[in-house]
$ cat input_17.tsv   # TSV, C-alpha atoms
chain	number	residue	atom	x	y	z
J	1	MET	CA	-27.84	-19.65	30.46
J	2	PRO	CA	-27.59	-16.81	27.90
J	3	GLY	CA	-29.12	-17.31	24.47
J	4	PRO	CA	-27.18	-16.85	21.22
J	5	ALA	CA	-28.29	-13.24	20.84
J	6	GLN	CA	-27.00	-12.36	24.29
J	7	GLY	CA	-23.73	-14.17	23.65
J	8	GLU	CA	-23.17	-12.28	20.41
J	9	GLN	CA	-23.77	-8.95	22.13
J	10	LYS	CA	-20.69	-9.59	24.27
J	11	ARG	CA	-18.39	-9.61	21.24
J	12	LYS	CA	-16.37	-6.48	20.65
J	13	ILE	CA	-16.93	-5.28	17.07
J	14	ILE	CA	-13.65	-4.37	15.35
J	15	PRO	CA	-13.82	-2.59	11.94
J	16	THR	CA	-11.05	-4.28	9.96
J	17	VAL	CA	-9.04	-3.68	6.80
J	18	SER	CA	-6.48	-6.50	7.07
J	19	GLU	CA	-5.52	-9.08	9.65
J	20	VAL	CA	-3.27	-12.13	9.88
J	21	LEU	CA	-4.68	-14.28	12.66
J	22	GLU	CA	-2.74	-16.53	15.03
J	23	ASP	CA	-3.86	-19.69	13.20
J	24	GLY	CA	-2.53	-18.29	9.88
J	25	THR	CA	-5.91	-17.15	8.55
J	26	ILE	CA	-5.58	-14.04	6.37
J	27	VAL	CA	-8.43	-11.52	6.33
J	28	GLU	CA	-8.65	-8.70	3.75
J	29	LEU	CA	-11.21	-5.98	3.07
J	30	VAL	CA	-12.75	-6.06	-0.42
J	31	TYR	CA	-15.07	-3.55	-2.08
J	32	ARG	CA	-17.54	-4.12	-4.93
J	33	PRO	CA	-18.13	-0.74	-6.61
J	34	ASP	CA	-21.06	-2.04	-8.69
J	35	ASN	CA	-23.26	-2.51	-5.61
J	36	ARG	CA	-21.20	-0.36	-3.18
J	37	ASN	CA	-20.67	-3.23	-0.78
J	38	THR	CA	-17.74	-4.16	1.45
J	39	SER	CA	-16.99	-7.60	2.88
J	40	LEU	CA	-14.06	-9.58	4.26
J	41	ALA	CA	-12.18	-12.06	2.10
J	42	MET	CA	-10.92	-14.85	4.38
J	43	PHE	CA	-8.23	-17.35	3.38
J	44	ASN	CA	-7.71	-20.47	5.46
J	45	ALA	CA	-6.50	-24.02	4.73
J	46	GLY	CA	-6.00	-23.25	1.04
J	47	ARG	CA	-9.51	-21.88	0.43
J	48	TRP	CA	-11.01	-18.40	0.36
J	49	THR	CA	-14.52	-17.18	1.15
J	50	LEU	CA	-16.27	-13.81	1.37
J	51	GLN	CA	-17.72	-13.10	4.81
J	52	SER	CA	-19.86	-10.37	6.35
J	53	HIS	CA	-17.84	-10.84	9.56
J	54	VAL	CA	-15.13	-13.05	11.05
J	55	ASP	CA	-15.37	-14.21	14.66
J	56	VAL	CA	-11.88	-14.33	16.15
J	57	SER	CA	-13.01	-15.49	19.57
J	58	GLU	CA	-16.08	-15.41	21.78
J	59	ARG	CA	-15.26	-11.78	22.55
J	60	HIS	CA	-14.05	-10.33	19.24
J	61	ARG	CA	-15.71	-10.02	15.84
J	62	LEU	CA	-14.01	-8.51	12.79
J	63	VAL	CA	-16.30	-6.56	10.45
J	64	PRO	CA	-15.48	-4.70	7.21
J	65	PHE	CA	-15.11	-0.94	7.03
J	66	SER	CA	-18.31	0.71	5.84
J	67	PRO	CA	-18.65	1.21	2.06
J	68	ASN	CA	-19.67	4.78	2.94
J	69	ASN	CA	-16.20	5.49	4.24
J	70	ASN	CA	-15.09	8.54	2.22
J	71	LEU	CA	-11.69	7.07	1.41
J	72	ILE	CA	-13.29	3.93	-0.04
J	73	LYS	CA	-16.28	5.36	-1.91
J	74	ASN	CA	-14.20	8.20	-3.40
J	75	GLU	CA	-11.43	5.77	-4.44
J	76	VAL	CA	-8.74	7.51	-2.44
J	77	VAL	CA	-7.83	4.04	-1.19
J	78	LEU	CA	-8.20	1.30	-3.82
J	79	LEU	CA	-9.21	-2.24	-2.89
J	80	PRO	CA	-9.76	-5.52	-4.73
J	81	SER	CA	-13.32	-6.78	-5.20
J	82	GLU	CA	-12.61	-10.51	-4.77
J	83	PRO	CA	-9.72	-12.95	-5.26
J	84	ARG	CA	-9.13	-14.14	-8.84
J	85	ILE	CA	-7.03	-16.98	-10.29
J	86	TYR	CA	-3.73	-15.70	-11.71
J	87	GLY	CA	-1.96	-18.81	-13.08
J	88	SER	CA	1.75	-18.81	-12.27
J	89	GLU	CA	3.76	-16.04	-10.63
J	90	GLN	CA	5.53	-15.42	-13.94
J	91	GLN	CA	2.19	-15.03	-15.74
J	92	LEU	CA	1.13	-12.52	-13.10
J	93	VAL	CA	4.38	-10.57	-13.45
J	94	SER	CA	3.90	-10.51	-17.23
J	95	GLU	CA	0.37	-9.09	-16.86
J	96	ILE	CA	1.65	-6.42	-14.47
J	97	ALA	CA	4.46	-5.53	-16.90
J	98	GLU	CA	2.03	-5.29	-19.83
J	99	PHE	CA	-0.29	-3.00	-17.86
J	100	ILE	CA	2.52	-0.69	-16.72
J	101	HIS	CA	4.08	-0.59	-20.20
J	102	ARG	CA	0.71	0.16	-21.81
J	103	TYR	CA	-0.03	3.23	-19.69
J	104	ALA	CA	3.36	4.63	-18.56
J	105	ASP	CA	6.73	5.33	-20.13
J	106	LEU	CA	9.51	3.99	-17.89
J	107	SER	CA	13.04	2.90	-18.65
J	108	PRO	CA	13.24	-0.91	-19.18
J	109	SER	CA	15.21	-1.45	-15.96
J	110	PHE	CA	12.87	0.64	-13.78
J	111	GLU	CA	9.81	-0.95	-15.41
J	112	LYS	CA	11.08	-4.33	-14.22
J	113	VAL	CA	11.78	-2.94	-10.75
J	114	ALA	CA	8.25	-1.49	-10.64
J	115	CYS	CA	6.69	-4.86	-11.52
J	116	TYR	CA	8.39	-6.63	-8.63
J	117	TYR	CA	7.80	-3.69	-6.30
J	118	VAL	CA	4.06	-4.17	-6.91
J	119	LEU	CA	4.44	-7.81	-5.77
J	120	LEU	CA	6.47	-6.66	-2.76
J	121	THR	CA	3.69	-4.32	-1.61
J	122	TRP	CA	1.28	-7.27	-1.36
J	123	LEU	CA	3.67	-9.12	0.96
J	124	TYR	CA	5.37	-6.20	2.69
J	125	ASP	CA	4.10	-7.01	6.20
J	126	ALA	CA	6.32	-10.10	6.17
J	127	PHE	CA	9.43	-7.85	6.05
J	128	ASN	CA	11.12	-5.52	8.52
J	129	ASP	CA	12.79	-3.10	6.06
J	130	LEU	CA	11.52	-1.67	2.78
J	131	PRO	CA	12.81	0.55	-0.03
J	132	TYR	CA	10.75	3.29	-1.62
J	133	LEU	CA	10.28	4.02	-5.31
J	134	ARG	CA	10.69	7.59	-6.55
J	135	LEU	CA	10.00	9.38	-9.84
J	136	ARG	CA	12.06	12.54	-10.03
J	137	GLY	CA	11.86	15.19	-12.73
J	138	ASP	CA	10.35	18.48	-13.84
J	139	PHE	CA	6.65	19.06	-14.53
J	140	GLY	CA	5.29	17.58	-17.75
J	141	THR	CA	7.59	14.53	-17.70
J	142	GLY	CA	4.90	11.95	-16.88
J	143	LYS	CA	5.48	11.51	-13.13
J	144	THR	CA	1.80	11.62	-12.15
J	145	ARG	CA	0.82	9.10	-14.85
J	146	MET	CA	3.58	6.78	-13.68
J	147	LEU	CA	2.40	7.10	-10.07
J	148	LEU	CA	-1.21	6.39	-11.01
J	149	THR	CA	-0.30	3.40	-13.19
J	150	ILE	CA	2.03	1.65	-10.75
J	151	GLY	CA	0.08	2.75	-7.68
J	152	SER	CA	-3.25	1.38	-8.93
J	153	LEU	CA	-1.82	-2.15	-8.72
J	154	CYS	CA	-0.29	-1.88	-5.26
J	155	TYR	CA	-1.60	-3.23	-1.96
J	156	LYS	CA	-4.27	-0.89	-0.56
J	157	PRO	CA	-2.84	2.18	-2.36
J	158	PHE	CA	-3.60	5.53	-0.74
J	159	PHE	CA	-3.29	8.49	-3.12
J	160	ALA	CA	-2.19	11.85	-1.71
J	161	SER	CA	-0.30	14.93	-2.87
J	162	GLY	CA	1.62	17.89	-1.56
J	163	ALA	CA	-1.69	19.78	-1.50
J	164	SER	CA	-3.01	17.42	1.22
J	165	THR	CA	-2.84	18.37	4.87
J	166	VAL	CA	-0.66	16.08	6.95
J	167	SER	CA	-3.13	14.90	9.61
J	168	PRO	CA	-5.32	12.69	7.35
J	169	ILE	CA	-2.18	11.14	5.87
J	170	PHE	CA	-1.07	9.99	9.34
J	171	HIS	CA	-4.54	8.67	10.18
J	172	THR	CA	-5.03	6.88	6.84
J	173	LEU	CA	-1.64	5.17	6.97
J	174	ASP	CA	-2.34	4.08	10.52
J	175	ALA	CA	-5.83	2.75	9.73
J	176	PHE	CA	-5.29	1.10	6.32
J	177	ARG	CA	-1.57	0.25	6.48
J	178	GLY	CA	-1.26	0.08	2.72
J	179	THR	CA	0.94	1.74	0.09
J	180	LEU	CA	1.36	5.53	0.12
J	181	ILE	CA	1.30	7.01	-3.40
J	182	PHE	CA	2.47	10.60	-2.97
J	183	ASP	CA	2.61	13.17	-5.76
J	184	GLU	CA	4.56	16.43	-5.38
J	185	ALA	CA	6.25	15.03	-2.27
J	186	ASP	CA	8.73	17.92	-2.04
J	187	VAL	CA	6.08	20.10	-0.42
J	188	ARG	CA	6.44	23.84	-0.27
J	189	PHE	CA	6.13	24.84	3.39
J	190	SER	CA	8.80	23.86	5.90
J	191	ASP	CA	6.44	22.68	8.67
J	192	GLU	CA	4.48	20.43	6.30
J	193	ARG	CA	7.72	19.23	4.75
J	194	SER	CA	9.13	18.23	8.13
J	195	GLU	CA	6.01	16.15	8.84
J	196	ILE	CA	6.25	14.37	5.48
J	197	VAL	CA	9.95	13.74	6.08
J	198	LYS	CA	9.06	12.11	9.41
J	199	ILE	CA	6.73	9.72	7.61
J	200	LEU	CA	9.39	8.89	5.02
J	201	ASN	CA	12.21	8.59	7.57
J	202	ASN	CA	10.28	6.30	9.91
J	203	GLY	CA	8.15	4.46	7.38
J	204	ASN	CA	10.69	2.09	5.88
J	205	VAL	CA	11.47	0.20	9.13
J	206	ARG	CA	8.98	-1.79	11.19
J	207	GLY	CA	8.47	-0.64	14.79
J	208	MET	CA	9.24	3.05	14.26
J	209	PRO	CA	5.90	4.88	14.66
J	210	VAL	CA	5.63	8.65	14.58
J	211	LEU	CA	4.46	10.25	17.84
J	212	ARG	CA	2.09	13.19	17.58
J	213	THR	CA	0.72	15.42	20.32
J	214	MET	CA	-2.87	14.65	21.25
J	215	MET	CA	-5.14	15.74	24.09
J	216	ASN	CA	-7.85	13.61	25.66
J	217	GLN	CA	-11.26	14.91	26.72
J	218	GLN	CA	-9.83	15.86	30.12
J	219	ARG	CA	-7.21	18.03	28.34
J	220	GLU	CA	-4.45	15.68	29.50
J	221	PHE	CA	-1.35	15.28	27.37
J	222	ASN	CA	-1.79	11.92	25.60
J	223	PRO	CA	0.64	11.39	22.67
J	224	GLN	CA	-0.56	9.03	19.95
J	225	ALA	CA	1.66	6.65	18.00
J	226	PHE	CA	0.89	6.49	14.28
J	227	HIS	CA	2.12	3.45	12.39
J	228	VAL	CA	3.66	4.64	9.11
J	229	PHE	CA	5.61	1.51	8.10
J	230	GLY	CA	4.84	0.39	4.57
J	231	PRO	CA	5.76	0.72	0.90
J	232	LYS	CA	5.73	4.18	-0.65
J	233	ILE	CA	5.99	5.55	-4.17
J	234	VAL	CA	6.63	9.26	-4.45
J	235	ALA	CA	7.14	11.88	-7.15
J	236	THR	CA	9.40	14.88	-6.60
J	237	ARG	CA	11.06	17.58	-8.65
J	238	GLY	CA	14.21	17.79	-6.56
J	239	LEU	CA	16.26	16.06	-3.89
J	240	TYR	CA	15.81	15.96	-0.12
J	241	GLU	CA	18.45	17.64	2.01
J	242	ASP	CA	18.50	14.61	4.32
J	243	ARG	CA	21.05	12.22	2.80
J	244	GLY	CA	19.75	9.39	4.95
J	245	LEU	CA	16.29	9.83	3.47
J	246	GLU	CA	17.75	9.98	-0.04
J	247	SER	CA	19.31	6.55	0.51
J	248	ARG	CA	15.85	5.01	0.96
J	249	PHE	CA	14.81	5.60	-2.67
J	250	ILE	CA	15.14	3.60	-5.86
J	251	THR	CA	14.80	6.48	-8.33
J	252	GLU	CA	13.74	6.87	-11.95
J	253	GLU	CA	14.84	10.16	-13.51
J	254	THR	CA	12.00	11.34	-15.78
J	255	GLY	CA	12.22	13.63	-18.79
J	256	ALA	CA	15.58	12.38	-20.06
J	257	ARG	CA	14.02	11.22	-23.34
J	258	LEU	CA	10.91	11.79	-25.47
J	259	LEU	CA	7.78	9.97	-24.29
J	260	ARG	CA	6.70	6.96	-26.33
J	261	ASP	CA	4.05	7.61	-28.98
J	262	ASP	CA	1.99	4.55	-28.03
J	263	VAL	CA	1.26	5.73	-24.47
J	264	PRO	CA	-2.30	7.18	-24.45
J	265	ILE	CA	-2.54	10.87	-23.57
J	266	ASN	CA	-5.77	10.22	-21.65
J	267	LEU	CA	-6.48	7.04	-19.72
J	268	PRO	CA	-9.32	4.97	-21.23
J	269	GLU	CA	-12.48	4.06	-19.31
J	270	THR	CA	-11.18	0.49	-19.08
J	271	PHE	CA	-8.17	1.54	-16.98
J	272	LYS	CA	-9.89	1.24	-13.60
J	273	GLU	CA	-11.42	-2.15	-14.38
J	274	GLU	CA	-8.10	-3.51	-15.70
J	275	ALA	CA	-6.34	-2.33	-12.54
J	276	ARG	CA	-9.06	-3.86	-10.32
J	277	GLU	CA	-8.77	-7.23	-12.08
J	278	LEU	CA	-5.03	-7.24	-11.44
J	279	ARG	CA	-5.57	-6.28	-7.78
J	280	ASN	CA	-7.97	-9.22	-7.53
J	281	LYS	CA	-5.28	-11.57	-8.84
J	282	LEU	CA	-2.71	-9.99	-6.55
J	283	LEU	CA	-5.03	-10.58	-3.58
J	284	LEU	CA	-5.02	-14.31	-4.29
J	285	TYR	CA	-1.23	-14.10	-4.77
J	286	ARG	CA	-1.01	-12.62	-1.26
J	287	PHE	CA	-3.17	-15.42	0.12
J	288	HIS	CA	-0.93	-18.04	-1.50
J	289	ARG	CA	2.47	-16.51	-0.75
J	290	ARG	CA	2.19	-14.43	2.44
J	291	HIS	CA	3.38	-17.24	4.73
J	292	ASP	CA	6.13	-18.38	2.32
J	293	VAL	CA	8.23	-15.24	2.76
J	294	LYS	CA	11.50	-15.88	4.61
J	295	LEU	CA	14.48	-13.55	5.04
J	296	ASP	CA	17.60	-14.92	3.35
J	297	PRO	CA	20.86	-13.72	5.02
J	298	THR	CA	22.92	-15.33	2.23
J	299	LEU	CA	21.80	-12.52	-0.08
J	300	ALA	CA	23.88	-10.00	1.89
J	301	ASP	CA	26.62	-8.45	-0.27
J	302	PRO	CA	29.64	-6.98	1.56
J	303	LYS	CA	30.07	-4.50	-1.30
J	304	LEU	CA	26.74	-2.86	-0.44
J	305	GLU	CA	26.05	-0.53	2.46
J	306	PRO	CA	24.17	-2.07	5.44
J	307	ARG	CA	20.85	-0.38	4.61
J	308	LEU	CA	20.76	-1.88	1.11
J	309	ASN	CA	21.62	-5.30	2.50
J	310	CYS	CA	18.68	-5.03	4.93
J	311	ILE	CA	16.40	-4.33	1.99
J	312	PHE	CA	17.64	-7.01	-0.39
J	313	GLN	CA	17.56	-9.82	2.15
$ encode --input "input_17.tsv" --output "structure tokens"
Amino acid sequence: MPGPAQGEQKRKIIPTVSEVLEDGTIVELVYRPDNRNTSLAMFNAGRWTLQSHVDVSERHRLVPFSPNNNLIKNEVVLLPSEPRIYGSEQQLVSEIAEFIHRYADLSPSFEKVACYYVLLTWLYDAFNDLPYLRLRGDFGTGKTRMLLTIGSLCYKPFFASGASTVSPIFHTLDAFRGTLIFDEADVRFSDERSEIVKILNNGNVRGMPVLRTMMNQQREFNPQAFHVFGPKIVATRGLYEDRGLESRFITEETGARLLRDDVPINLPETFKEEARELRNKLLLYRFHRRHDVKLDPTLADPKLEPRLNCIFQ
């Protein structure tokens, strides 16, 4: 009869960022920057714990991504460090609103939309259709600050720009399945632009991966499906030619008024810690609310086009 060590060797090790298990257990990757350590936060039966691994069955073991992963250690993807108590949902929304208002200058209506969009990102995998947020305006109108401020609170935000090559964007979205925060999203070159448009066109509906040409070691044609579904916040200077893509955005036009005097020109050293504390509270919010999400067909409004009704249900 095999001993425990032999039995454990049979388990397939699966590096994991997030997982919702069949029994309702929620598993999320957390990262402590002070000691450069990753672990898995597990929520089950109303309680959470931090684990070095989670055994799903006798054959599968979930383990956290390495803290040496370049995306994690260089803060390209931001993670919580542990769940934190947040009080009521309204208290959490108020804290999000205060943070966004303190560091970015948005119109009152879009600031409210941004607060609830942050909440949506932490529950997005319970939905089938999603809108995107967009900041549109000329250079020097605060788009990048707005992206950084809202994006730092979102679920597993991945920061990229028009200067990035497309391949790592596909791979990161597929691996982390978080929120894409994309600056200068109206990229310059037509081939790169077409790839970004594919991500944006397919990424608001579940079950629409992007296929990309890949070759295996035997040089056989072996297309790979990249999952790009998820929330996205982008900044552009202009409009997209694709009217269908344009309909996916809730847009804030920047530069229409003078920026507020109380918004700091440079972000303080406390910004990252404040954002992390809110992500910690939002992680517990996800644990508490992920299984409560239900689509409500009564919210459909015949005055709205079908795509908007899909989103607002």
$ residues_around --input "input_17.tsv" --residues "Thr121 of chain J" --least-positions-apart "3" --cutoff "12 Å" --atoms "all atoms listed in the file" --output "VMD selection string"
chain J and resid 114 to 118 124 to 127 129 to 133 150 to 157 177 to 181 229 to 233 279 282 to 283 285 to 286 290
$ closest_residue --input "input_17.tsv" --among "J:Gln224, J:Thr254, J:Ser164, J:Thr172" --to "Asn70 of chain J" --atoms "only C-alpha atoms"
J:Thr172
$ atom_distance --input "input_17.tsv" --atom1 "atom CA of Glu269 of chain J" --atom2 "atom CA of Ser107 of chain J"
25.6 Å
$ atom_distance --input "input_17.tsv" --atom1 "atom CA of Gly203 of chain J" --atom2 "atom CA of Val228 of chain J"
4.8 Å
$ atom_distance --input "input_17.tsv" --atom1 "atom CA of Pro223 of chain J" --atom2 "atom CA of His171 of chain J"
13.8 Å
$ residues_around --input "input_17.tsv" --residues "Leu50 of chain J" --least-positions-apart "4" --cutoff "7 Å" --atoms "only C-alpha atoms" --output "PyMOL selection string"
chain J and resi 39-42
$ residues_near_point --input "input_17.tsv" --point "(-6.7, -16.2, -12.9)" --cutoff "12 Å" --atoms "all atoms listed in the file" --output "number ranges by chain"
J: 82-89, 91-92, 95, 277-285
$ closest_residue --input "input_17.tsv" --among "J:Glu22, J:Asp242, J:Asp174, J:Asp105" --to "Leu258 of chain J" --atoms "all atoms listed in the file"
J:Asp105
$ residues_around --input "input_17.tsv" --residues "Glu241 of chain J" --least-positions-apart "2" --cutoff "12 Å" --atoms "all atoms listed in the file" --output "MDAnalysis selection string"
chainID J and resid 186 193:194 197 238:239 243:247
$ closest_residue --input "input_17.tsv" --among "J:Leu173, J:Glu273, J:Ile265, J:Asp183" --to "Ile199 of chain J" --atoms "only C-alpha atoms"
J:Leu173
$ closest_residue --input "input_17.tsv" --among "J:Pro268, J:Glu184, J:Ala256, J:Ile169" --to "His227 of chain J" --atoms "all atoms listed in the file"
J:Ile169
$ closest_residue --input "input_17.tsv" --among "J:Ile14, J:Ala45, J:Ala97, J:Ala235" --to "Leu148 of chain J" --atoms "all atoms listed in the file"
J:Ala235
$ axis_aligned_box --input "input_17.tsv" --around "segment 106-122 of chain J" --padding-each-side "6 Å" --output "lines of an AutoDock Vina configuration file"
center_x = 8.2
center_y = -1.9
center_z = -10.3
size_x = 25.9
size_y = 23.8
size_z = 29.8
$ closest_residue --input "input_17.tsv" --among "J:Ile196, J:Ala175, J:Tyr240, J:Phe226" --to "Val77 of chain J" --atoms "all atoms listed in the file"
J:Ala175
$ residues_around --input "input_17.tsv" --residues "segment 30-38 of chain J" --least-positions-apart "3" --cutoff "7 Å" --atoms "all atoms listed in the file" --output "PyMOL selection string"
chain J and resi 41+64-67+79-82
$ residues_near_point --input "input_17.tsv" --point "(12.5, -2.0, 14.3)" --cutoff "9 Å" --atoms "all atoms listed in the file" --output "MDAnalysis selection string"
chainID J and resid 128:129 205:208
$ build_atoms --input "input_17.tsv" --residues "segment 101-129 of chain J" --atoms "N, CA and C atoms" --output "compact mmCIF listing (two decimals), in the coordinates of the input"
# COMPACT_ATOMS: atom_id res chain seq x y z
N HIS J 101 3.51 -1.04 -18.92
CA HIS J 101 4.08 -0.59 -20.20
C HIS J 101 3.03 0.08 -21.07
N ARG J 102 1.79 -0.39 -20.97
CA ARG J 102 0.71 0.16 -21.81
C ARG J 102 0.38 1.59 -21.43
N TYR J 103 0.48 1.94 -20.14
CA TYR J 103 -0.03 3.23 -19.69
C TYR J 103 1.05 4.18 -19.17
N ALA J 104 2.30 3.75 -19.06
CA ALA J 104 3.36 4.63 -18.56
C ALA J 104 4.64 4.38 -19.33
N ASP J 105 5.47 5.41 -19.40
CA ASP J 105 6.73 5.33 -20.13
C ASP J 105 7.88 5.34 -19.14
N LEU J 106 8.39 4.14 -18.81
CA LEU J 106 9.51 3.99 -17.89
C LEU J 106 10.69 3.37 -18.62
N SER J 107 11.87 3.58 -18.09
CA SER J 107 13.04 2.90 -18.65
C SER J 107 12.86 1.39 -18.44
N PRO J 108 13.43 0.54 -19.31
CA PRO J 108 13.24 -0.91 -19.18
C PRO J 108 13.65 -1.45 -17.81
N SER J 109 14.75 -0.94 -17.25
CA SER J 109 15.21 -1.45 -15.96
C SER J 109 14.25 -1.06 -14.83
N PHE J 110 13.77 0.19 -14.85
CA PHE J 110 12.87 0.64 -13.78
C PHE J 110 11.49 0.00 -13.94
N GLU J 111 11.09 -0.26 -15.18
CA GLU J 111 9.81 -0.95 -15.41
C GLU J 111 9.84 -2.33 -14.76
N LYS J 112 10.96 -3.02 -14.86
CA LYS J 112 11.08 -4.33 -14.22
C LYS J 112 11.06 -4.20 -12.70
N VAL J 113 11.78 -3.19 -12.19
CA VAL J 113 11.78 -2.94 -10.75
C VAL J 113 10.36 -2.66 -10.27
N ALA J 114 9.62 -1.85 -11.03
CA ALA J 114 8.25 -1.49 -10.64
C ALA J 114 7.35 -2.71 -10.57
N CYS J 115 7.51 -3.64 -11.51
CA CYS J 115 6.69 -4.86 -11.52
C CYS J 115 6.88 -5.65 -10.23
N TYR J 116 8.13 -5.83 -9.84
CA TYR J 116 8.39 -6.63 -8.63
C TYR J 116 8.10 -5.83 -7.37
N TYR J 117 8.17 -4.50 -7.47
CA TYR J 117 7.80 -3.69 -6.30
C TYR J 117 6.30 -3.84 -6.02
N VAL J 118 5.49 -3.93 -7.09
CA VAL J 118 4.06 -4.17 -6.91
C VAL J 118 3.85 -5.47 -6.13
N LEU J 119 4.55 -6.54 -6.51
CA LEU J 119 4.44 -7.81 -5.77
C LEU J 119 4.86 -7.62 -4.32
N LEU J 120 5.96 -6.89 -4.11
CA LEU J 120 6.47 -6.66 -2.76
C LEU J 120 5.41 -5.99 -1.88
N THR J 121 4.68 -5.03 -2.44
CA THR J 121 3.69 -4.32 -1.61
C THR J 121 2.64 -5.28 -1.06
N TRP J 122 2.31 -6.33 -1.80
CA TRP J 122 1.28 -7.27 -1.36
C TRP J 122 1.80 -8.25 -0.31
N LEU J 123 3.09 -8.23 -0.05
CA LEU J 123 3.67 -9.12 0.96
C LEU J 123 4.49 -8.34 1.99
N TYR J 124 4.41 -7.01 1.96
CA TYR J 124 5.37 -6.20 2.69
C TYR J 124 5.35 -6.45 4.19
N ASP J 125 4.19 -6.83 4.74
CA ASP J 125 4.10 -7.01 6.20
C ASP J 125 4.86 -8.23 6.69
N ALA J 126 5.46 -8.99 5.77
CA ALA J 126 6.32 -10.10 6.17
C ALA J 126 7.78 -9.65 6.32
N PHE J 127 8.07 -8.37 6.01
CA PHE J 127 9.43 -7.85 6.05
C PHE J 127 9.58 -6.82 7.17
N ASN J 128 10.82 -6.52 7.50
CA ASN J 128 11.12 -5.52 8.52
C ASN J 128 11.68 -4.22 7.93
N ASP J 129 12.21 -4.28 6.71
CA ASP J 129 12.79 -3.10 6.06
C ASP J 129 12.28 -3.05 4.62
